[in-house]
Structures are given as C-alpha cells and as structure tokens.
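The structure appears right after this line, and notes come after that.
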Amino acid sequence: MPLTNKYIQQRIEKAEFLKQAGINPYANNSQRNTSIEKYLNVNADIANTESQRDENRSYIVSGRIKLLRIMGKASFVKIEDESGILQIYVARDNLPEGFYNTIFKKNIEVGDIIEVGGYPFVTGKGELSLHASNLKLLTKAIAPLPEKFHGVTDKEIRYRKRYLDLIMNAEVRKTFQTRSKVISLTRRFFEDKGFLEVETPMMHPIAGGANAKPFVTHHNALSTDRYLRIAPELYLKRLIVGGFEAVFEINRNFRNEGMDATHNPEFTSIEFYWAYKTYKDLIEITKEYFAYLFEHLNLPSLLPYGELSVNFENFQEIPLIESLTTIGGVPAEVAQDAEKIYAYLKEKAINVKPNLNLGQLQGELFDEFVEEKLIDPTFITEYPVEISPLARRSDENPDITERFELFIAGREIANAFSELNDPVDQLGRFEGQMSAKDAGDDEAHEMDKDFVEALSYGMAPTAGQGIGIDRLVMLLTNEHSIRDVLLFPAMKPQNEDEQSQKEE
RNA sequence: GUCUUGUUAGCUCAGCUGGUAGAGCACGUCACUUUUAAUGAUGUGGCCGAUGGUUCGAAUCCAUCACAGGACACCA
C-alpha cells in the first residue's frame, strides 16, 4: 500500500538509475569531518579576508538537502544537519566530468542526504558557504518533503509523523533538546545533593500512590493482573524504610483518564524522598532547584509564558484555607463549613458531587476560585487531611497535613509533603479511602497492607515530593500543549482499512 | 463523555446562495555559473475524510461515522 504515490515512483526510478550508474543510493561510507555549526564557527574569519575564500582549507560536511536552486551550470544547495544549515555552491566545472549534468541535476533532489567536500568562501551576498569540489549521495529520500516555506503545520501530521515535524521545524528540535537538558539537570541536581537514583516497578499488583484509574495488563506466568503504575510513591517509601536516606526516580507514570492540553496517558515525573527532613525543607530545595535550572538553561527570571510573565524571584507561600479568601474571594465563614460551601457553590452555579466532606469541598473551592490565579510560583500549604491520604498530620492541627502543592502559571507543578509514617494512622486513612470507594468514589486510594506492614517496621521522618516533568518543560519552553513536549504523544489509531469495512 | 471547528493535489490553502475543481510551493521538460521562498517559459497532477440521504445535478445542503484542533467535564 505505501510507496505508490507518483512522486515516490519517480524518485524510486531515480534511485534505480543511480544504481545502474554505479552509485549506491544508500551508501554508508561517510567521510564527514565536521558539523555545520563547527564549520561556520571555524571559518567565520573568511569574511574579513580580501579574497573572501581560502582554498587551502578543506572540509567534508553532510546533511539533508532543504533547498535547491539550479541555475544552469552552477547551483546553490542548502543542507541541514543537527547543528545547523549551510549553503553549498556547486559548479559544473569543479566536479568530475559529467557528474553535474547526469547525476546531480537529474537525480539528486530536496530531501536527499548528501556529503560535500570543498573549501570555505563568502558569496557576493555575504553568506559564508562551502565551495564544492566533490559531492556524494549518502541517502536517497524517495518521499518528497513538505513545502519548503510553510513546512508542516497540520498538528495531526506533526504528532503522528514526528520525524517530519523534526525535519521541517528546527524549533521543535530545540524544544526537545531543552527537555533532555531539564531531565539531565534534574538528575545532576539531585545526585549532587547525595540522592540515589533508583528504579522501582512499573507493573504493580496494587495501583497505589495516587488517586487515579490505572491501566490493567495481565501476567501469564503468574496468571495475575498487573497495573501500570500510577505513581512510584509507595515503593520509594519502602526504600526509606530499608535505610536509604535520599532516593529519587525519574520515570513514566500511567493514568487511564482523559487527555487534554495538560494530560497524556503516560507522563514523566520525578519523585524524591528525603529522610530526616520536612516539607519546609522541600520548599527550600525546590527554590534551589528552580534557580539551578534557570541558571543552566540561561532563562530570564522574569519568564514569559504565553500572555503571562512569571516572576521566578517571587516565590509565595500561603495556606490553602487562607488562599480561598485572600485569592479566591470566598468569605471566611463559608470556607469552614460544608453546608455553607455547598450553598456558595450552588449560588455560583457550580455543580459538585453530593456528600463531600469539608476537606474535599475546600479542595473544590480551591480548584474553582484559586488555582488559575496563581501565576508567580506559589506554595499552597496545609492541605486538609481528607484529601491527603499519604501525608503527615500537622502537630498543631490534626485536620490538616504538612503538605504543599506548587503552582506556577495557574497550573500544578509539584506536590509534596512530610510523609505519614505512623502505620496505625496510615491503616486508618486507607480504611477511610476504602469506605469512600464503597460509597462510589472509584478513584479512592487502594488499600495496600504490604505498605502498612513496611511502615510498621519504622520509617524515619521523611519528606517527599513529586514534580511533573512534562508540565515543567512546557513552562520552560513556553509550550501550551503537553503534546508539544512529548516526542510521540498518544494518538488514536487511524482506521484507513477501507478493506475491513467493505468485507462486512 | 459534551459542545464546537476542521478534513479539497505531496505540502500550505482558495472554492459565495448546489451546475462533477483552483492557486502557490513541490514535481516533469527547457533556459540560466553568485542565488536567498532564485528567476522566466511550459506541462503533469484530485474518489473534495467515509457511508447514506435530499436533488435533474452535491466538494458545497442534511444525517451518521472516523480522525484531528479548541473549549468544557473527568482527572483530589
């Protein structure tokens, strides 16, 4: 079915012609000795010389042809490698006899990957170029590239055929280079602080550590179902029980839920756990982490994000209840009373599930009235215990937990707390979640008896945090869809099988 | 899941209130030894997302479906 397009047929014929002429259209004897970026840097001085060229220098560069201008006996070719774009000047009389007319002009075209040797010179229009003395085809592209000026803009094509997007859009490559740096810097930051990177299971017997619907798979040998992990939390805390004092894991989580601009079914997070520390220490290390990223990524502390401007020198800290009134405008007496909250929400024409407890309702108020207003980095602290089943209670007030979530540009970026290490309290919280589940909350946390048992051996006082890497990268690259920071975002399969429909 | 917009040549897009398709780029042929989205001439290229319906006649109107974008819901 593929390769039937007439343009492709035409190019296959060219590849055949080249084979007949003794030229391998898929050669692998590359002699490249410099990247385009290095070539341009090393030869920048040519522009200051009188002759505007240096025939004693010689370089071999390789890349994909992006533009081709044939002008009779000479041509200009723009080739691109990972590092940049370079203009090549190809003249008939500088190449072997017959090569220019029969091979180059007729059988090498935009999209092909070529290798060119020659010397640096500056054109009349002032562009540092390479004067070709030999040219070799490395890879024949039989599919034509999208249009040179507009490129591909269709999002469906860009996501489904990311390779085309990457060929055509250099700034997309830049985004993913930044993503790679963020992950690398994150790893280095925590390693330098003495954290140990670990790998915990991706397939869990119990989907724990968060409230979310899991993907289910089946293990044949054990004839048992497994859940793709929704969070690594409970395994990482078992490691703290085991005596590791600072661990982190950067990896994928999977949640079987809706997809939108900030949700993909598989997403990357870092979770780290730090013994003998509290959530207060996490606030400090988080600020330090951001400063580290900004320094190494060369980002301005007043970071533009769409229409917004986020000030990373203005970290705020505010308890959740307080934020409801000071930021959300909810009257103080309403925020502390379940019935009044229900009445308030109804008045604002906001529908919520019935029979929610006070903590859950305060969470609803926060989501409705506060979250999107948090532009500069803000630590929202003191979460209600009902919506924090794995967090330690405050010593001063047992209804709230020693927890924060970090919001930036109206979006949750991190979730952190002093860990609950009282096994009896943890068992009680799980039981509370179980009764919520029985009452119809299908996203309540699962009971994990093995985890309670682990805690029963004693987990040192510990603080732990999770940071959504995808959303963080979105923020740092000024992208507004998670799909633009994932190389291969989740897409529905296309059913182009007209056959199966006709077969009936 | 709901609402909404889109799907026309390889790509980017036109195509009014129905009369079986257009442009630019790309591609073919020709000219051109310093171009910058090169230029000039000329030509090829389409089951108008799929299936039904209305109509003498459908890219166009209607319905259903598929995929995608956006918004909302869900995701504590």
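Labeling convention for the structure tokens: chains A, B, ... as they appear, residues from 1 per chain, ligands from 1 in order of appearance.
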Mind listing as an mmCIF file with C-alpha atoms (C1' of nucleotides), in the first residue's frame which residues of chain B are within 8 Å of chain A, counting only C-alpha atoms (C1' of nucleotides)?
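Below is the file selection25.cif, written as the result:
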data_model
loop_
_atom_site.group_PDB
_atom_site.id
_atom_site.type_symbol
_atom_site.label_atom_id
_atom_site.label_comp_id
_atom_site.auth_asym_id
_atom_site.auth_seq_id
_atom_site.Cartn_x
_atom_site.Cartn_y
_atom_site.Cartn_z
ATOM 1 C "C1'" G B 10 2.967 15.536 -1.769
ATOM 2 C "C1'" C B 11 2.675 20.423 1.471
ATOM 3 C "C1'" U B 12 0.112 25.394 2.581
ATOM 4 C "C1'" C B 25 5.215 25.684 -3.459
ATOM 5 C "C1'" A B 26 6.846 20.787 -4.943
ATOM 6 C "C1'" C B 27 7.354 17.595 -9.421
ATOM 7 C "C1'" A B 31 16.784 28.318 -20.455
ATOM 8 C "C1'" C B 32 20.294 30.355 -16.979
ATOM 9 C "C1'" U B 33 27.966 29.990 -13.434
ATOM 10 C "C1'" U B 34 26.799 34.020 -7.111
ATOM 11 C "C1'" U B 35 21.307 32.605 -5.707
ATOM 12 C "C1'" A B 37 10.952 31.192 -0.548
ATOM 13 C "C1'" A B 38 16.259 32.409 -7.128
ATOM 14 C "C1'" A B 66 -13.851 8.232 11.560
ATOM 15 C "C1'" C B 67 -9.738 11.254 12.788
ATOM 16 C "C1'" A B 68 -7.831 15.983 14.455
ATOM 17 C "C1'" G B 69 -7.815 21.033 16.817
ATOM 18 C "C1'" C B 74 -13.434 13.943 34.374
ATOM 19 C "C1'" C B 75 -8.504 13.665 36.439
ATOM 20 C "C1'" A B 76 -8.365 15.210 44.926
#
Write down as a ChimeraX atom specification the residues of range 307-426 of chain A whose backbone DSSP state falls under alpha helix (DSSP H). /A:320-326,332-335,338-347,358-369,423-426
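Note that the spacing between CA of Leu487 in chain A and CA of Pro214 in chain A amounts to 22.6 Å.
Counting from CA of Tyr59 in chain A, the distance to CA of Leu135 in chain A is 11.8 Å.
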Mind checking which residues fall within 6 Å of Ile79 in chain A, counting only C-alpha atoms (C1' of nucleotides), ignoring those fewer than 4 positions away in the same chain, and posting them as a PDB file with C-alpha atoms, in the first residue's frame?
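Below you can see selection-v3.pdb, which holds the result:
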ATOM      1  CA  GLY A  63      23.251  16.843   5.725  1.00  0.00           C
ATOM      2  CA  ARG A  64      19.814  16.754   4.229  1.00  0.00           C
ATOM      3  CA  ILE A  65      19.071  18.967   1.231  1.00  0.00           C
ATOM      4  CA  LYS A  66      16.474  21.520   2.298  1.00  0.00           C
ATOM      5  CA  ILE A  85      22.172  24.927   7.899  1.00  0.00           C
ATOM      6  CA  LEU A  86      24.946  25.512   5.381  1.00  0.00           C
TER       7      LEU A  86
END
Residues at most 12 Å from Trp274 in chain A, counting only C-alpha atoms (C1' of nucleotides), excluding those fewer than 5 positions away in the same chain, as a ChimeraX atom specification? /A:190,193-196,236-237,239-241,243-248,279-282,285,416-419,459-466
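Within 10 Å of range 21-29 of chain A, once only C-alpha atoms (C1' of nucleotides) are used and residues closer than 4 positions along the same chain are dropped, the contacting residues are Lys14, Ala15, Glu16, Phe17, Thr102, Ile103, Ile108, Asp112, Ile113, Ile114, Lys136, Leu137, Leu138, Thr139, Lys140 and Ala141 of chain A.
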Hey, what does DSSP flag as strand (DSSP E or B) within range 209-317 of chain A? Can you give it to me as JSON, numbers by chain? {"A": [216, 217, 218, 219, 224, 225, 226, 227, 228, 246, 247, 248, 249, 250, 251, 252, 253, 254, 260, 263, 266, 267, 268, 269, 270, 271, 272, 273, 274, 275, 302, 303, 304, 305, 308, 309, 310, 311, 316, 317]}
Please provide as a list of chain:residue names all residues within 10 Å of Pro232 in chain A, with the sequence filter that same-chain residues fewer than 3 positions apart are discarded (counting only C-alpha atoms (C1' of nucleotides)). A:Glu199, A:Thr200, A:Pro201, A:Met202, A:His204, A:Ala207, A:Gly208, A:Gly209, A:Ala210, A:Arg229, A:Tyr235, A:Leu236, A:Lys237, A:Phe248, A:Glu249, A:Ile250, A:Asn251, A:Arg252, A:Asn253, A:Ser269, A:Ile270, A:Glu271, A:Phe272, A:Gly466
